[in-house]
Amino acid sequence: VDGTIKAIGTDADKIIFTSFKDDEYGGDTNEDGSSSTPNDGDWQTINFTKNSSDSEFQYTLFRYGGTHSVLPSGAVIKVDNSSISIKNSVFEKNFDRGLYLINSKAIIDSNYFLSQNKSDIWSSLAGRAIDVSGGAAIITNNYFYDNGYGILLSEWLDSSGNIFACQAEVQNNTFEINDNPSVFEYSVVLNTFNGPSFSGNKILNNNGLPGSLAAILVSADIKKDTILEPDMPYLF
């Protein structure tokens, strides 16, 4: 996408992005009865380039996307050096990433991120609900459940070697832990102290099951004086 998309639904009339095999929405569009069923990664991505700006989604549903067959790693929504607003929407059962923000400005408010827990063959990570590399994202009032990673926060390194801080504000989000011990879950992974801030986030159903890290997992070197705000537990 080099332009701008405005997809504004309502609570009663949502806009749906889903698999051709998904009979739950739109009926049996591929006319095969029950012979086919939808899967994570059935379709690829909506890719917003640096020539795009100020796209907006409200009351939208994104499911069964994110395949890696064209891009080096999957994402239903990829925003690359652009800007976007996503509110009151659902990301469900997508492959590798629900949302991938690369050095972009974003408002991600009051959404549900459900079951992004499968990853592509080029990645050592589990599925990610939100993957942020650099930029300035406000991630607030969202609900996360059954994702491999809830939020992954990193700096962004461009092709010239320039490093861009991850100025993400992670506020008032809820992370609920899956009761299934076979599904490995991280709430937040912090790969950088260069920018991110946390406040008002909470964890539900912290049952202590093996494979569930109900915390902010710190995977970054502390190279200077750092202040950590009171929030979810920090795990070093």
# chains A, B, ... in the order shown; residues from 1 in each chain; ligands from 1

$ residues_around --residues "region 87-97 of chain A" --least-positions-apart "5" --cutoff "8 Å" --atoms "only C-alpha atoms" --output "MDAnalysis selection string"
chainID A and resid 39:41 57:67 73:76 107:120 126:131

$ residues_around --residues "region 187-201 of chain A" --least-positions-apart "6" --cutoff "9 Å" --atoms "only C-alpha atoms" --output "number ranges by chain"
A: 134, 136, 140-141, 144, 147-155, 164-177, 212-223, 226, 228-232

$ atom_distance --atom1 "CA of Thr37 (chain A)" --atom2 "CA of Phe20 (chain A)"
9.3 Å

$ atom_distance --atom1 "CA of Asp80 (chain A)" --atom2 "CA of Lys50 (chain A)"
5.9 Å
